[in-house]
Amino acid sequence: MSTLEPERGTGTGTLVEPTPQVSHGDGDHERFAHYVQKDKIMASALDGTPVVALCGKVWVPGRDPKKYPVCPMCKEIYDSMGSGGEGKGGDK
């Protein structure tokens with residue numbers, strides 16, 4: 001009489017962990033200058049912490065924003081804030 005044992009290694013799967021949405025220079029968001037609060041840009045320049053643009057992009061600034069067109073989503077959000085909005089006066 002023989003007993004069947006499950007083969008080792010069968011029924012295994014691959015665990016896929018989600019990757020964070022932190023930008024390192026690739027993608028469409030890199031082709032735009034984004035609106036961020038000035039104090040956040042200064043803090044990032046001093047200690048390297050990531051900033052969050054109005055459109056939601058998270059990254060550590062390192063490029064000259066004057067070389068890129070303004071992100072349409074950031075511009076739309078910025079314009080909708082009107083005068084006196086919290087982000088008004090932010091920088092690209």
# chains A, B, ... in the order shown; residues from 1 in each chain; ligands from 1
>>> residues_around(residues="region 35-42 of chain A", least_positions_apart="3", cutoff="12 Å", atoms="only C-alpha atoms", output="ChimeraX atom specification")
/A:32,45-63,65-66,69-79,85-92
>>> decode(residues="region 45-69 of chain A", atoms="N, CA, C and O atoms", output="tab-separated table (two decimals), in the first residue's frame")
chain	number	residue	atom	x	y	z
A	45	ALA	N	15.14	71.37	0.72
A	45	ALA	CA	16.51	71.72	0.32
A	45	ALA	C	17.48	71.53	1.48
A	45	ALA	O	18.62	71.13	1.28
A	46	LEU	N	17.00	71.78	2.70
A	46	LEU	CA	17.88	71.68	3.86
A	46	LEU	C	18.08	70.25	4.35
A	46	LEU	O	19.18	69.85	4.70
A	47	ASP	N	16.98	69.48	4.40
A	47	ASP	CA	17.11	68.14	4.98
A	47	ASP	C	16.74	66.99	4.05
A	47	ASP	O	16.77	65.84	4.45
A	48	GLY	N	16.38	67.29	2.79
A	48	GLY	CA	16.12	66.23	1.82
A	48	GLY	C	14.80	65.51	1.96
A	48	GLY	O	14.62	64.43	1.40
A	49	THR	N	13.85	66.10	2.70
A	49	THR	CA	12.54	65.46	2.84
A	49	THR	C	11.72	65.67	1.57
A	49	THR	O	11.81	66.71	0.93
A	50	PRO	N	10.91	64.70	1.20
A	50	PRO	CA	10.06	64.85	0.02
A	50	PRO	C	9.00	65.93	0.22
A	50	PRO	O	8.59	66.21	1.34
A	51	VAL	N	8.55	66.51	-0.88
A	51	VAL	CA	7.49	67.49	-0.87
A	51	VAL	C	6.28	66.91	-1.59
A	51	VAL	O	6.41	65.94	-2.34
A	52	VAL	N	5.10	67.51	-1.36
A	52	VAL	CA	3.87	67.06	-2.02
A	52	VAL	C	3.33	68.24	-2.82
A	52	VAL	O	3.05	69.30	-2.26
A	53	ALA	N	3.20	68.06	-4.12
A	53	ALA	CA	2.66	69.10	-5.00
A	53	ALA	C	1.14	69.14	-4.85
A	53	ALA	O	0.52	68.22	-4.31
A	54	LEU	N	0.54	70.21	-5.35
A	54	LEU	CA	-0.92	70.33	-5.30
A	54	LEU	C	-1.60	69.16	-6.01
A	54	LEU	O	-2.67	68.73	-5.60
A	55	CYS	N	-0.98	68.64	-7.05
A	55	CYS	CA	-1.57	67.53	-7.81
A	55	CYS	C	-1.40	66.19	-7.11
A	55	CYS	O	-1.95	65.19	-7.54
A	56	GLY	N	-0.59	66.17	-6.04
A	56	GLY	CA	-0.39	64.93	-5.29
A	56	GLY	C	0.95	64.25	-5.54
A	56	GLY	O	1.28	63.27	-4.89
A	57	LYS	N	1.75	64.76	-6.48
A	57	LYS	CA	3.05	64.16	-6.75
A	57	LYS	C	3.95	64.33	-5.52
A	57	LYS	O	4.02	65.40	-4.94
A	58	VAL	N	4.66	63.27	-5.14
A	58	VAL	CA	5.58	63.30	-4.01
A	58	VAL	C	6.98	63.04	-4.56
A	58	VAL	O	7.21	62.05	-5.25
A	59	TRP	N	7.92	63.93	-4.24
A	59	TRP	CA	9.29	63.78	-4.69
A	59	TRP	C	10.21	64.72	-3.96
A	59	TRP	O	9.77	65.60	-3.24
A	60	VAL	N	11.51	64.53	-4.12
A	60	VAL	CA	12.50	65.44	-3.57
A	60	VAL	C	12.97	66.32	-4.72
A	60	VAL	O	13.57	65.82	-5.67
A	61	PRO	N	12.67	67.62	-4.67
A	61	PRO	CA	13.04	68.51	-5.78
A	61	PRO	C	14.55	68.56	-5.97
A	61	PRO	O	15.32	68.53	-5.02
A	62	GLY	N	14.94	68.63	-7.24
A	62	GLY	CA	16.36	68.72	-7.52
A	62	GLY	C	16.64	69.37	-8.86
A	62	GLY	O	17.78	69.60	-9.20
A	63	ARG	N	15.59	69.66	-9.63
A	63	ARG	CA	15.76	70.25	-10.94
A	63	ARG	C	15.24	71.68	-10.96
A	63	ARG	O	14.40	72.05	-10.14
A	64	ASP	N	15.72	72.46	-11.90
A	64	ASP	CA	15.27	73.84	-12.05
A	64	ASP	C	13.87	73.85	-12.67
A	64	ASP	O	13.71	73.47	-13.83
A	65	PRO	N	12.85	74.28	-11.92
A	65	PRO	CA	11.48	74.24	-12.43
A	65	PRO	C	11.25	75.20	-13.60
A	65	PRO	O	10.30	75.04	-14.36
A	66	LYS	N	12.12	76.18	-13.77
A	66	LYS	CA	11.96	77.14	-14.86
A	66	LYS	C	12.18	76.49	-16.23
A	66	LYS	O	11.81	77.06	-17.24
A	67	LYS	N	12.77	75.31	-16.25
A	67	LYS	CA	13.04	74.61	-17.50
A	67	LYS	C	11.85	73.79	-17.99
A	67	LYS	O	11.91	73.20	-19.07
A	68	TYR	N	10.77	73.74	-17.19
A	68	TYR	CA	9.64	72.88	-17.51
A	68	TYR	C	8.34	73.66	-17.51
A	68	TYR	O	8.19	74.63	-16.76
A	69	PRO	N	7.35	73.23	-18.30
A	69	PRO	CA	6.03	73.88	-18.23
A	69	PRO	C	5.34	73.53	-16.92
A	69	PRO	O	5.64	72.50	-16.30
